[in-house]
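The structure file work_29.txt is reproduced below (compact mmCIF, C-alpha atoms).
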# COMPACT_ATOMS: atom_id res chain seq x y z
CA MET A 1027 0.00 0.00 0.00
CA ALA A 1028 1.39 3.38 -1.02
CA THR A 1029 1.57 6.23 1.44
CA THR A 1030 -1.62 8.31 1.39
CA LEU A 1031 -2.34 11.80 2.70
CA ASP A 1032 -5.81 13.14 3.47
CA ILE A 1033 -7.55 16.11 5.14
CA ARG A 1034 -10.69 15.67 7.27
CA LEU A 1035 -12.43 18.87 8.37
CA LYS A 1036 -14.32 18.80 11.66
CA LYS A 1037 -17.53 20.19 10.13
CA ALA A 1038 -19.27 17.72 7.83
CA ASN A 1039 -20.88 20.51 5.74
CA LYS A 1040 -17.55 22.40 5.51
CA ILE A 1041 -19.32 25.74 6.06
CA TYR A 1042 -17.44 28.36 8.11
CA HIS A 1043 -17.89 32.00 9.01
CA GLU A 1044 -15.33 34.75 9.46
CA GLY A 1045 -13.73 34.64 12.91
CA GLU A 1046 -14.26 30.90 13.40
CA LEU A 1047 -11.54 28.27 13.64
CA VAL A 1048 -11.12 25.88 10.72
CA GLN A 1049 -10.43 22.64 12.57
CA GLY A 1050 -9.61 19.21 11.26
CA VAL A 1051 -7.21 16.30 11.17
CA LEU A 1052 -4.44 15.28 8.80
CA LEU A 1053 -4.52 11.54 8.10
CA ILE A 1054 -1.39 9.73 6.98
CA ASN A 1055 -1.50 6.03 6.13
CA CYS A 1056 1.64 4.09 5.26
CA LYS A 1057 2.62 0.44 5.08
CA SER A 1058 5.98 0.91 6.71
CA ASP A 1059 7.75 3.69 8.55
CA PHE A 1060 9.44 6.30 6.34
CA GLN A 1061 11.47 9.48 6.45
CA HIS A 1062 10.01 12.86 5.47
CA GLN A 1063 11.46 16.36 5.14
CA GLY A 1064 8.67 18.29 6.81
CA ILE A 1065 4.87 18.68 6.64
CA THR A 1066 3.33 22.09 5.92
CA LEU A 1067 -0.34 23.13 6.10
CA THR A 1068 -1.57 26.13 4.09
CA MET A 1069 -4.99 27.81 4.10
CA GLU A 1070 -5.70 30.10 1.16
CA GLY A 1071 -8.55 32.16 -0.21
CA SER A 1072 -8.45 33.87 -3.58
CA VAL A 1073 -10.56 35.59 -6.23
CA ASN A 1074 -9.80 34.50 -9.80
CA LEU A 1075 -10.97 36.67 -12.70
CA GLN A 1076 -11.01 36.04 -16.42
CA LEU A 1077 -12.54 37.59 -19.52
CA SER A 1078 -14.95 35.90 -21.88
CA ALA A 1079 -13.78 34.84 -25.33
CA LYS A 1080 -15.48 37.81 -26.97
CA SER A 1081 -13.56 40.26 -24.75
CA VAL A 1082 -10.09 38.73 -25.16
CA GLY A 1083 -7.80 41.24 -26.87
CA LEU A 1084 -9.95 44.23 -25.97
CA PHE A 1085 -8.29 44.78 -22.63
CA GLU A 1086 -4.65 43.72 -22.92
CA ALA A 1087 -3.80 45.51 -19.68
CA PHE A 1088 -6.23 43.23 -17.86
CA TYR A 1089 -3.93 40.23 -18.19
CA ASN A 1090 -0.92 42.26 -17.08
CA SER A 1091 -2.50 43.90 -14.04
CA ILE A 1092 -5.05 41.39 -12.72
CA LYS A 1093 -3.62 38.37 -10.98
CA PRO A 1094 -5.51 36.12 -8.55
CA ILE A 1095 -6.52 38.38 -5.65
CA GLN A 1096 -5.35 36.73 -2.44
CA ILE A 1097 -7.70 37.52 0.44
CA LEU A 1098 -6.61 34.83 2.89
CA HIS A 1099 -3.29 33.09 3.55
CA TYR A 1100 -1.97 31.12 6.51
CA SER A 1101 0.90 28.65 6.48
CA VAL A 1102 2.09 26.57 9.44
CA GLU A 1103 4.64 23.79 9.86
CA VAL A 1104 2.75 20.79 11.18
CA SER A 1105 5.81 18.56 11.59
CA LYS A 1106 9.52 19.09 11.32
CA PRO A 1107 11.64 16.66 9.25
CA GLY A 1108 11.61 13.23 10.85
CA ARG A 1109 10.26 9.70 10.60
CA LEU A 1110 6.64 8.55 10.70
CA PRO A 1111 5.67 5.09 12.01
CA ALA A 1112 3.86 2.47 9.97
CA GLY A 1113 0.06 2.50 10.04
CA ARG A 1114 -2.28 5.44 10.59
CA THR A 1115 -1.06 8.78 11.92
CA GLU A 1116 -3.43 11.62 12.87
CA MET A 1117 -2.33 15.25 13.25
CA PRO A 1118 -5.04 17.68 14.47
CA PHE A 1119 -4.93 21.31 13.32
CA GLU A 1120 -6.84 24.56 13.66
CA LEU A 1121 -6.45 27.81 11.75
CA PRO A 1122 -8.25 31.15 12.30
CA LEU A 1123 -10.51 32.26 9.47
CA LYS A 1124 -9.46 35.90 9.19
CA PRO A 1125 -8.76 37.98 6.07
CA LYS A 1126 -5.29 39.00 5.02
CA GLY A 1127 -4.45 42.59 6.03
CA ASN A 1128 -7.26 44.96 5.07
CA LYS A 1129 -8.87 42.48 2.67
CA THR A 1130 -12.49 41.32 2.90
CA LEU A 1131 -13.71 37.73 2.96
CA PHE A 1132 -16.40 37.13 0.36
CA GLU A 1133 -18.77 34.19 0.21
CA THR A 1134 -17.63 31.14 -1.74
CA TYR A 1135 -18.76 31.53 -5.34
CA HIS A 1136 -18.16 29.45 -8.46
CA GLY A 1137 -19.03 31.64 -11.41
CA VAL A 1138 -18.00 31.65 -15.05
CA PHE A 1139 -15.73 34.70 -15.06
CA VAL A 1140 -15.45 35.30 -11.28
CA ASN A 1141 -14.42 32.50 -8.93
CA ILE A 1142 -14.03 32.85 -5.13
CA GLN A 1143 -12.51 29.79 -3.53
CA TYR A 1144 -11.09 28.77 -0.14
CA THR A 1145 -8.87 25.72 0.35
CA VAL A 1146 -6.77 23.92 2.93
CA LYS A 1147 -3.69 22.22 1.49
CA VAL A 1148 -1.11 19.95 3.09
CA GLU A 1149 2.30 19.20 1.57
CA MET A 1150 4.75 16.56 2.70
CA LYS A 1151 8.34 16.93 1.49
CA ARG A 1152 10.18 13.66 0.90
CA SER A 1153 13.63 12.57 -0.16
CA VAL A 1154 14.99 13.19 -3.64
CA LEU A 1155 14.13 9.66 -4.78
CA SER A 1156 10.54 9.84 -3.53
CA LYS A 1157 7.73 12.02 -4.85
CA ASP A 1158 6.37 14.76 -2.60
CA LEU A 1159 2.80 14.22 -1.38
CA SER A 1160 0.06 16.86 -1.33
CA LYS A 1161 -3.67 17.02 -0.74
CA SER A 1162 -6.13 19.91 -0.83
CA SER A 1163 -9.69 20.29 0.40
CA GLU A 1164 -12.12 23.10 -0.35
CA PHE A 1165 -14.29 24.60 2.37
CA ILE A 1166 -17.18 27.06 2.11
CA VAL A 1167 -17.28 30.56 3.57
CA GLU A 1168 -20.64 32.18 4.24
CA TYR A 1169 -21.61 35.49 5.80
CA LYS A 1170 -23.02 35.42 9.31
CA GLN A 1171 -26.75 35.99 9.64
CA LYS A 1172 -27.28 39.60 10.66
CA SER A 1173 -29.85 40.59 13.24
CA GLU A 1174 -30.91 43.47 11.00
CA GLN A 1175 -33.34 42.21 8.39
CA SER A 1176 -33.65 43.84 4.98
CA VAL A 1177 -36.86 45.73 4.27
CA VAL A 1178 -39.36 43.37 2.66
CA LYS A 1179 -41.35 45.36 0.13
CA PRO A 1180 -43.49 43.70 -2.57
CA VAL A 1181 -42.61 44.81 -6.09
CA PRO A 1182 -45.47 44.63 -8.64
CA PHE A 1183 -44.80 44.18 -12.34
CA THR A 1184 -46.78 44.25 -15.60
CA ILE A 1185 -45.64 42.68 -18.87
CA THR A 1186 -47.21 43.79 -22.15
CA PRO A 1187 -45.92 44.00 -25.74
CA GLU A 1188 -45.22 47.70 -25.16
CA SER A 1189 -43.09 47.03 -22.08
CA LEU A 1190 -40.71 44.61 -23.83
CA GLN A 1191 -37.24 45.84 -24.76
CA ASN A 1192 -34.91 44.91 -27.64
CA ILE A 1193 -37.84 43.84 -29.83
CA ARG A 1194 -37.50 44.56 -33.55
CA GLU A 1195 -40.87 43.42 -34.88
CA ARG A 1196 -43.38 44.39 -32.21
CA SER A 1197 -46.26 44.08 -34.67
CA GLY A 1198 -45.83 40.31 -34.86
CA LEU A 1199 -46.43 39.80 -31.13
CA PRO A 1200 -49.85 38.67 -29.89
CA LYS A 1201 -51.70 40.87 -27.46
CA PHE A 1202 -51.12 39.87 -23.85
CA VAL A 1203 -51.20 41.28 -20.34
CA VAL A 1204 -49.31 39.54 -17.55
CA ARG A 1205 -49.27 40.95 -14.04
CA GLY A 1206 -47.68 39.80 -10.84
CA LYS A 1207 -45.48 40.71 -7.91
CA MET A 1208 -42.25 39.69 -6.26
CA ASP A 1209 -42.50 39.53 -2.47
CA SER A 1210 -39.12 41.29 -2.29
CA VAL A 1211 -36.15 42.04 -4.55
CA ASN A 1212 -33.80 42.26 -1.55
CA CYS A 1213 -33.40 38.53 -0.96
CA CYS A 1214 -31.41 36.45 1.48
CA ILE A 1215 -29.34 33.97 -0.53
CA SER A 1216 -30.32 31.13 1.83
CA LYS A 1217 -34.07 31.77 1.50
CA PRO A 1218 -36.31 31.18 -1.55
CA LEU A 1219 -37.40 33.85 -4.00
CA THR A 1220 -41.19 34.07 -3.88
CA GLY A 1221 -44.02 35.90 -5.59
CA GLU A 1222 -46.91 35.31 -7.97
CA ILE A 1223 -47.82 35.79 -11.62
CA ILE A 1224 -51.21 36.08 -13.34
CA VAL A 1225 -51.89 35.83 -17.07
CA GLU A 1226 -54.82 38.20 -17.51
CA GLN A 1227 -54.91 38.13 -21.29
CA CYS A 1228 -53.07 36.36 -24.12
CA ALA A 1229 -54.31 36.10 -27.72
CA ALA A 1230 -52.11 33.07 -28.47
CA PRO A 1231 -52.00 29.68 -26.70
CA ILE A 1232 -49.26 29.47 -24.06
CA LYS A 1233 -46.80 26.55 -24.11
CA SER A 1234 -45.08 27.20 -20.77
CA ILE A 1235 -43.95 29.82 -18.26
CA GLU A 1236 -40.39 29.62 -16.94
CA LEU A 1237 -38.18 31.46 -14.46
CA GLN A 1238 -34.57 32.01 -15.46
CA LEU A 1239 -31.94 33.02 -12.91
CA VAL A 1240 -29.08 34.93 -14.53
CA ARG A 1241 -25.75 36.07 -13.11
CA VAL A 1242 -24.19 39.24 -14.49
CA GLU A 1243 -20.44 39.30 -13.90
CA THR A 1244 -18.32 42.36 -14.56
CA CYS A 1245 -14.53 42.29 -14.37
CA GLY A 1246 -11.69 44.44 -15.65
CA CYS A 1247 -9.34 47.26 -14.70
CA ALA A 1248 -8.83 50.97 -15.30
CA GLU A 1249 -8.57 50.36 -19.05
CA GLY A 1250 -12.10 49.04 -19.25
CA TYR A 1251 -14.62 46.55 -17.96
CA ALA A 1252 -16.30 43.56 -19.59
CA LYS A 1253 -19.82 42.55 -18.58
CA ASP A 1254 -21.21 39.08 -19.32
CA ALA A 1255 -24.53 37.48 -18.41
CA THR A 1256 -24.84 33.70 -18.07
CA GLU A 1257 -27.72 31.45 -17.04
CA ILE A 1258 -27.55 29.78 -13.62
CA GLN A 1259 -30.78 27.80 -13.65
CA ASN A 1260 -34.11 27.60 -15.42
CA ILE A 1261 -37.26 26.23 -13.78
CA GLN A 1262 -40.75 25.77 -15.21
CA ILE A 1263 -43.64 27.08 -13.11
CA ALA A 1264 -46.46 26.40 -15.58
CA GLU A 1265 -47.04 24.10 -18.56
CA GLY A 1266 -49.68 24.38 -21.23
CA ASP A 1267 -52.23 27.10 -21.97
CA VAL A 1268 -52.77 28.31 -18.39
CA CYS A 1269 -56.13 29.60 -17.23
CA ARG A 1270 -56.52 33.34 -17.53
CA GLY A 1271 -56.75 35.15 -14.22
CA PHE A 1272 -55.31 32.19 -12.30
CA THR A 1273 -52.63 33.00 -9.70
CA ILE A 1274 -49.44 31.02 -10.31
CA PRO A 1275 -46.98 30.97 -7.38
CA ILE A 1276 -43.31 31.84 -7.90
CA PHE A 1277 -40.87 29.83 -5.79
CA MET A 1278 -37.17 29.55 -6.58
CA ILE A 1279 -34.35 28.30 -4.35
CA PHE A 1280 -30.96 29.87 -5.04
CA PRO A 1281 -28.33 27.21 -5.84
CA ARG A 1282 -25.45 27.74 -3.41
CA LEU A 1283 -21.89 28.01 -4.72
CA PHE A 1284 -23.24 29.16 -8.11
CA THR A 1285 -24.88 32.25 -6.64
CA CYS A 1286 -23.66 34.75 -4.09
CA PRO A 1287 -24.86 37.99 -2.49
CA THR A 1288 -24.43 41.06 -4.70
CA LEU A 1289 -20.75 42.06 -4.81
CA ALA A 1290 -19.13 45.27 -6.03
CA THR A 1291 -15.38 45.97 -5.85
CA SER A 1292 -12.91 47.95 -7.94
CA ASN A 1293 -12.03 44.88 -10.05
CA PHE A 1294 -15.19 42.81 -10.21
CA LYS A 1295 -18.93 42.92 -9.67
CA VAL A 1296 -21.57 40.20 -9.41
CA VAL A 1297 -25.33 40.79 -9.52
CA ASN A 1298 -28.26 38.40 -9.93
CA ARG A 1299 -31.29 38.91 -12.15
CA MET A 1300 -34.46 36.96 -12.80
CA LYS A 1301 -36.23 36.66 -16.15
CA ILE A 1302 -39.78 35.49 -16.79
CA LEU A 1303 -40.02 33.53 -20.03
CA ILE A 1304 -43.49 33.05 -21.52
CA LYS A 1305 -43.41 30.68 -24.49
CA ILE A 1306 -46.34 30.74 -26.88
CA THR A 1307 -47.43 28.44 -29.69
CA SER A 1308 -46.45 29.90 -33.04
Final structure tokens representation of the file:
Amino acid sequence: MATTLDIRLKKANKIYHEGELVQGVLLINCKSDFQHQGITLTMEGSVNLQLSAKSVGLFEAFYNSIKPIQILHYSVEVSKPGRLPAGRTEMPFELPLKPKGNKTLFETYHGVFVNIQYTVKVEMKRSVLSKDLSKSSEFIVEYKQKSEQSVVKPVPFTITPESLQNIRERSGLPKFVVRGKMDSVNCCISKPLTGEIIVEQCAAPIKSIELQLVRVETCGCAEGYAKDATEIQNIQIAEGDVCRGFTIPIFMIFPRLFTCPTLATSNFKVVNRMKILIKITS
């Protein structure tokens, strides 16, 4: 059996908040005792930015000035050079979850052009004839729940052919009136988005009504910024030619990791938008 290295975090869900201790155990399994040149544990958090294919070449300075933004970094020596016995060896550890300098810890987020990631990595140096061992494990950072709640204010909306934007041939659209409301547009990322929608009038048969959650990521530098919108998820809330005047509930759960609270910094920005897609029979 080859020597194996693993990281086990104390929390099963791997969710931590700023100010907490990231605790866990390093597990080393080996068939026979062996010599090592030191074991180091590193905790890192970084923001990685990239431009979409359509923006490459427009902002050459972006690649020269924007490197991964390091917002968290701790490195400790777990064990000095020595010999480990055969079998299973456990080494407990704990590291404080605090930002680097005057940086800010953002929530974990896996986007398309913006990626915020936190990892714990262990490295074991070995002799020249043996390959060094390493293992990394990602953990999730979330904001603490604040006692102050955002103001919940219902937002009504009306969709008609006249209210649509970026439509070239408006004359080809059937007459329709769709009304509804969102219970709030200031949403907690851990709570569902709710509301209702009513089709009051539609001259053409309806195939389906869908909700589309879209992320809008902006990144760049002083030379310019590139903004790109990508779909996160699409859910169907109605199928077929729905009854006119019938209240259809809106209920969407935000997928964690792929969404995050609205962010705005000097180098990147992330906002979330929702689209209502009403498909009609042509």
Which residues are near A:Pro1287? Cut-off 8 Å, all atoms listed in the file, ignore same chain within fewer than 2 positions. Put them as JSON, numbers by chain. {"A": [1133, 1214, 1215, 1285, 1289, 1296, 1297]}
Residues within 6 Å of (-52.9, 33.1, -16.1), counting only C-alpha atoms, listed as number ranges by chain: A: 1224-1226, 1268-1272
Could the centre and edge lengths of an axis-aligned box, enclosing all atoms of stretch 1281-1286 of chain A in the file with 8 Å extra on each side, be given in Å to one decimal as lines of an AutoDock Vina configuration file?
center_x = -25.1
center_y = 31.0
center_z = -5.8
size_x = 22.4
size_y = 23.5
size_z = 20.7
Rows by chain and residue number, stretch 1243-1296 of chain A within 12 Å of stretch 1139-1148 of chain A, shortest pair, all atoms listed in the file, as JSON lines:
{"residue": "A:Glu1243", "atom": "CA", "partner": "A:Phe1139", "partner_atom": "CA", "distance": 6.7}
{"residue": "A:Thr1244", "atom": "CA", "partner": "A:Phe1139", "partner_atom": "CA", "distance": 8.1}
{"residue": "A:Cys1245", "atom": "CA", "partner": "A:Val1140", "partner_atom": "CA", "distance": 7.7}
{"residue": "A:Gly1246", "atom": "CA", "partner": "A:Phe1139", "partner_atom": "CA", "distance": 10.6}
{"residue": "A:Ala1252", "atom": "CA", "partner": "A:Phe1139", "partner_atom": "CA", "distance": 10.0}
{"residue": "A:Lys1253", "atom": "CA", "partner": "A:Phe1139", "partner_atom": "CA", "distance": 9.5}
{"residue": "A:Asp1254", "atom": "CA", "partner": "A:Phe1139", "partner_atom": "CA", "distance": 8.2}
{"residue": "A:Ala1255", "atom": "CA", "partner": "A:Phe1139", "partner_atom": "CA", "distance": 9.8}
{"residue": "A:Thr1256", "atom": "CA", "partner": "A:Phe1139", "partner_atom": "CA", "distance": 9.6}
{"residue": "A:Leu1283", "atom": "CA", "partner": "A:Ile1142", "partner_atom": "CA", "distance": 9.2}
{"residue": "A:Phe1284", "atom": "CA", "partner": "A:Asn1141", "partner_atom": "CA", "distance": 9.5}
{"residue": "A:Thr1285", "atom": "CA", "partner": "A:Asn1141", "partner_atom": "CA", "distance": 10.7}
{"residue": "A:Cys1286", "atom": "CA", "partner": "A:Ile1142", "partner_atom": "CA", "distance": 9.9}
{"residue": "A:Leu1289", "atom": "CA", "partner": "A:Val1140", "partner_atom": "CA", "distance": 10.8}
{"residue": "A:Ala1290", "atom": "CA", "partner": "A:Val1140", "partner_atom": "CA", "distance": 11.9}
{"residue": "A:Thr1291", "atom": "CA", "partner": "A:Val1140", "partner_atom": "CA", "distance": 12.0}
{"residue": "A:Asn1293", "atom": "CA", "partner": "A:Val1140", "partner_atom": "CA", "distance": 10.2}
{"residue": "A:Phe1294", "atom": "CA", "partner": "A:Val1140", "partner_atom": "CA", "distance": 7.6}
{"residue": "A:Lys1295", "atom": "CA", "partner": "A:Val1140", "partner_atom": "CA", "distance": 8.5}
{"residue": "A:Val1296", "atom": "CA", "partner": "A:Val1140", "partner_atom": "CA", "distance": 8.1}
Determine the nearest neighbour of A:Lys1036 from the options A:Thr1066, A:Ser1162, A:Thr1134, A:Gln1049, counting all atoms listed in the file. A:Gln1049
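Going from atom CA of A:Ile1232 over to atom CA of A:Ile1185, you cover 14.6 Å.
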Give me, as a list in words, all polymer residues having an atom no more than 10 Å from A:Phe1060, counting only C-alpha atoms and skipping those fewer than 3 positions away in the same chain. Thr1029, Cys1056, Lys1057, Gly1108, Arg1109, Leu1110, Pro1111, Ala1112, Arg1152 and Ser1153 of chain A
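Residue nearest A:Ser1163, chosen from A:Lys1305, A:Arg1034, A:Arg1241, A:Lys1093 and counting only C-alpha atoms: A:Arg1034.
Comparing the minimum interatomic distances between A:Tyr1100 and each of A:Pro1122, A:Pro1200, A:Pro1281, A:Gly1221, counting all atoms listed in the file, we find that A:Pro1122 sits nearest.
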Mind listing whatever residues come within 6 Å of the point (-11.2, 30.4, 13.5)? Use all atoms listed in the file, file coordinates, and give them as a PDB file with C-alpha atoms, in the coordinates of the input.
ATOM      1  CA  GLY A1045     -13.730  34.640  12.910  1.00  0.00           C
ATOM      2  CA  GLU A1046     -14.260  30.900  13.400  1.00  0.00           C
ATOM      3  CA  LEU A1047     -11.540  28.270  13.640  1.00  0.00           C
ATOM      4  CA  VAL A1048     -11.120  25.880  10.720  1.00  0.00           C
ATOM      5  CA  LEU A1121      -6.450  27.810  11.750  1.00  0.00           C
ATOM      6  CA  PRO A1122      -8.250  31.150  12.300  1.00  0.00           C
ATOM      7  CA  LEU A1123     -10.510  32.260   9.470  1.00  0.00           C
TER       8      LEU A1123
END
Could you tell me which of A:Gly1071, A:Gly1266, A:Gly1064, A:Gly1113 comes closest to A:Glu1236 if we count all atoms listed in the file? A:Gly1266
Among listed residues A:Ile1306, A:Ile1279, A:Val1154, A:Ile1223, nearest A:Gln1061 (using all atoms listed in the file): A:Val1154
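If only C-alpha atoms are the atoms counted, then among A:Glu1070, A:Lys1170, A:Arg1299, A:Arg1114 the closest residue to A:Lys1126 is A:Glu1070.
The protein and nucleic acid residues lying at most 8 Å from A:Thr1115 are Leu1052, Leu1053, Ile1054 and Asn1055 of chain A, with all atoms listed in the file considered and sequence neighbours fewer than 6 positions away removed.
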Quick one: stretch 1273-1283 of chain A with all heavy atoms, as a PDB file, in the frame of the given file?
ATOM      1  N   THR A1273     -53.862  32.601 -10.383  1.00  0.00           N
ATOM      2  CA  THR A1273     -52.630  33.000  -9.700  1.00  0.00           C
ATOM      3  C   THR A1273     -51.643  31.829  -9.672  1.00  0.00           C
ATOM      4  O   THR A1273     -51.948  30.768  -9.115  1.00  0.00           O
ATOM      5  CB  THR A1273     -52.915  33.459  -8.265  1.00  0.00           C
ATOM      6  OG1 THR A1273     -53.811  34.572  -8.299  1.00  0.00           O
ATOM      7  CG2 THR A1273     -51.618  33.887  -7.568  1.00  0.00           C
ATOM      8  N   ILE A1274     -50.486  32.035 -10.267  1.00  0.00           N
ATOM      9  CA  ILE A1274     -49.440  31.020 -10.310  1.00  0.00           C
ATOM     10  C   ILE A1274     -48.332  31.423  -9.335  1.00  0.00           C
ATOM     11  O   ILE A1274     -47.757  32.509  -9.467  1.00  0.00           O
ATOM     12  CB  ILE A1274     -48.858  30.881 -11.729  1.00  0.00           C
ATOM     13  CG1 ILE A1274     -49.962  30.528 -12.725  1.00  0.00           C
ATOM     14  CG2 ILE A1274     -47.746  29.839 -11.766  1.00  0.00           C
ATOM     15  CD1 ILE A1274     -49.516  30.578 -14.167  1.00  0.00           C
ATOM     16  N   PRO A1275     -48.019  30.595  -8.343  1.00  0.00           N
ATOM     17  CA  PRO A1275     -46.980  30.970  -7.380  1.00  0.00           C
ATOM     18  C   PRO A1275     -45.581  30.913  -7.985  1.00  0.00           C
ATOM     19  O   PRO A1275     -45.286  30.080  -8.839  1.00  0.00           O
ATOM     20  CB  PRO A1275     -47.133  29.938  -6.260  1.00  0.00           C
ATOM     21  CG  PRO A1275     -47.751  28.754  -6.940  1.00  0.00           C
ATOM     22  CD  PRO A1275     -48.644  29.304  -8.021  1.00  0.00           C
ATOM     23  N   ILE A1276     -44.728  31.813  -7.528  1.00  0.00           N
ATOM     24  CA  ILE A1276     -43.310  31.840  -7.900  1.00  0.00           C
ATOM     25  C   ILE A1276     -42.508  31.381  -6.690  1.00  0.00           C
ATOM     26  O   ILE A1276     -42.644  31.936  -5.597  1.00  0.00           O
ATOM     27  CB  ILE A1276     -42.873  33.248  -8.334  1.00  0.00           C
ATOM     28  CG1 ILE A1276     -43.567  33.649  -9.640  1.00  0.00           C
ATOM     29  CG2 ILE A1276     -41.358  33.326  -8.504  1.00  0.00           C
ATOM     30  CD1 ILE A1276     -43.288  35.097 -10.062  1.00  0.00           C
ATOM     31  N   PHE A1277     -41.689  30.363  -6.891  1.00  0.00           N
ATOM     32  CA  PHE A1277     -40.870  29.830  -5.790  1.00  0.00           C
ATOM     33  C   PHE A1277     -39.570  29.313  -6.390  1.00  0.00           C
ATOM     34  O   PHE A1277     -39.570  28.365  -7.153  1.00  0.00           O
ATOM     35  CB  PHE A1277     -41.612  28.713  -5.065  1.00  0.00           C
ATOM     36  CG  PHE A1277     -40.935  28.250  -3.801  1.00  0.00           C
ATOM     37  CD1 PHE A1277     -41.245  28.811  -2.577  1.00  0.00           C
ATOM     38  CD2 PHE A1277     -39.983  27.242  -3.840  1.00  0.00           C
ATOM     39  CE1 PHE A1277     -40.627  28.372  -1.414  1.00  0.00           C
ATOM     40  CE2 PHE A1277     -39.359  26.797  -2.690  1.00  0.00           C
ATOM     41  CZ  PHE A1277     -39.681  27.373  -1.474  1.00  0.00           C
ATOM     42  N   MET A1278     -38.472  29.964  -6.061  1.00  0.00           N
ATOM     43  CA  MET A1278     -37.170  29.550  -6.580  1.00  0.00           C
ATOM     44  C   MET A1278     -36.136  29.538  -5.452  1.00  0.00           C
ATOM     45  O   MET A1278     -35.985  30.507  -4.728  1.00  0.00           O
ATOM     46  CB  MET A1278     -36.691  30.494  -7.696  1.00  0.00           C
ATOM     47  CG  MET A1278     -35.274  30.190  -8.198  1.00  0.00           C
ATOM     48  SD  MET A1278     -34.677  31.361  -9.436  1.00  0.00           S
ATOM     49  CE  MET A1278     -35.545  30.779 -10.887  1.00  0.00           C
ATOM     50  N   ILE A1279     -35.426  28.421  -5.326  1.00  0.00           N
ATOM     51  CA  ILE A1279     -34.350  28.300  -4.350  1.00  0.00           C
ATOM     52  C   ILE A1279     -33.030  28.624  -5.052  1.00  0.00           C
ATOM     53  O   ILE A1279     -32.746  28.102  -6.130  1.00  0.00           O
ATOM     54  CB  ILE A1279     -34.301  26.886  -3.754  1.00  0.00           C
ATOM     55  CG1 ILE A1279     -35.589  26.622  -2.961  1.00  0.00           C
ATOM     56  CG2 ILE A1279     -33.082  26.711  -2.848  1.00  0.00           C
ATOM     57  CD1 ILE A1279     -35.694  25.218  -2.414  1.00  0.00           C
ATOM     58  N   PHE A1280     -32.232  29.495  -4.446  1.00  0.00           N
ATOM     59  CA  PHE A1280     -30.960  29.870  -5.040  1.00  0.00           C
ATOM     60  C   PHE A1280     -29.955  28.726  -4.875  1.00  0.00           C
ATOM     61  O   PHE A1280     -29.744  28.243  -3.756  1.00  0.00           O
ATOM     62  CB  PHE A1280     -30.393  31.127  -4.378  1.00  0.00           C
ATOM     63  CG  PHE A1280     -31.247  32.349  -4.573  1.00  0.00           C
ATOM     64  CD1 PHE A1280     -32.037  32.840  -3.539  1.00  0.00           C
ATOM     65  CD2 PHE A1280     -31.265  33.012  -5.789  1.00  0.00           C
ATOM     66  CE1 PHE A1280     -32.821  33.961  -3.717  1.00  0.00           C
ATOM     67  CE2 PHE A1280     -32.046  34.140  -5.979  1.00  0.00           C
ATOM     68  CZ  PHE A1280     -32.833  34.614  -4.939  1.00  0.00           C
ATOM     69  N   PRO A1281     -29.338  28.277  -5.956  1.00  0.00           N
ATOM     70  CA  PRO A1281     -28.330  27.210  -5.840  1.00  0.00           C
ATOM     71  C   PRO A1281     -27.035  27.760  -5.236  1.00  0.00           C
ATOM     72  O   PRO A1281     -26.400  28.635  -5.813  1.00  0.00           O
ATOM     73  CB  PRO A1281     -28.122  26.753  -7.291  1.00  0.00           C
ATOM     74  CG  PRO A1281     -28.481  27.954  -8.113  1.00  0.00           C
ATOM     75  CD  PRO A1281     -29.543  28.681  -7.354  1.00  0.00           C
ATOM     76  N   ARG A1282     -26.680  27.265  -4.066  1.00  0.00           N
ATOM     77  CA  ARG A1282     -25.450  27.740  -3.410  1.00  0.00           C
ATOM     78  C   ARG A1282     -24.226  27.371  -4.236  1.00  0.00           C
ATOM     79  O   ARG A1282     -24.267  26.479  -5.063  1.00  0.00           O
ATOM     80  CB  ARG A1282     -25.322  27.153  -2.001  1.00  0.00           C
ATOM     81  CG  ARG A1282     -26.190  27.825  -0.966  1.00  0.00           C
ATOM     82  CD  ARG A1282     -25.971  29.340  -0.897  1.00  0.00           C
ATOM     83  NE  ARG A1282     -24.726  29.725  -0.257  1.00  0.00           N
ATOM     84  CZ  ARG A1282     -23.795  30.472  -0.828  1.00  0.00           C
ATOM     85  NH1 ARG A1282     -23.917  30.884  -2.064  1.00  0.00           N
ATOM     86  NH2 ARG A1282     -22.723  30.809  -0.157  1.00  0.00           N
ATOM     87  N   LEU A1283     -23.165  28.087  -4.002  1.00  0.00           N
ATOM     88  CA  LEU A1283     -21.890  28.010  -4.720  1.00  0.00           C
ATOM     89  C   LEU A1283     -21.986  28.695  -6.079  1.00  0.00           C
ATOM     90  O   LEU A1283     -21.053  29.372  -6.504  1.00  0.00           O
ATOM     91  CB  LEU A1283     -21.411  26.573  -4.908  1.00  0.00           C
ATOM     92  CG  LEU A1283     -21.173  25.751  -3.637  1.00  0.00           C
ATOM     93  CD1 LEU A1283     -20.579  24.399  -3.991  1.00  0.00           C
ATOM     94  CD2 LEU A1283     -20.263  26.482  -2.667  1.00  0.00           C
TER      95      LEU A1283
END
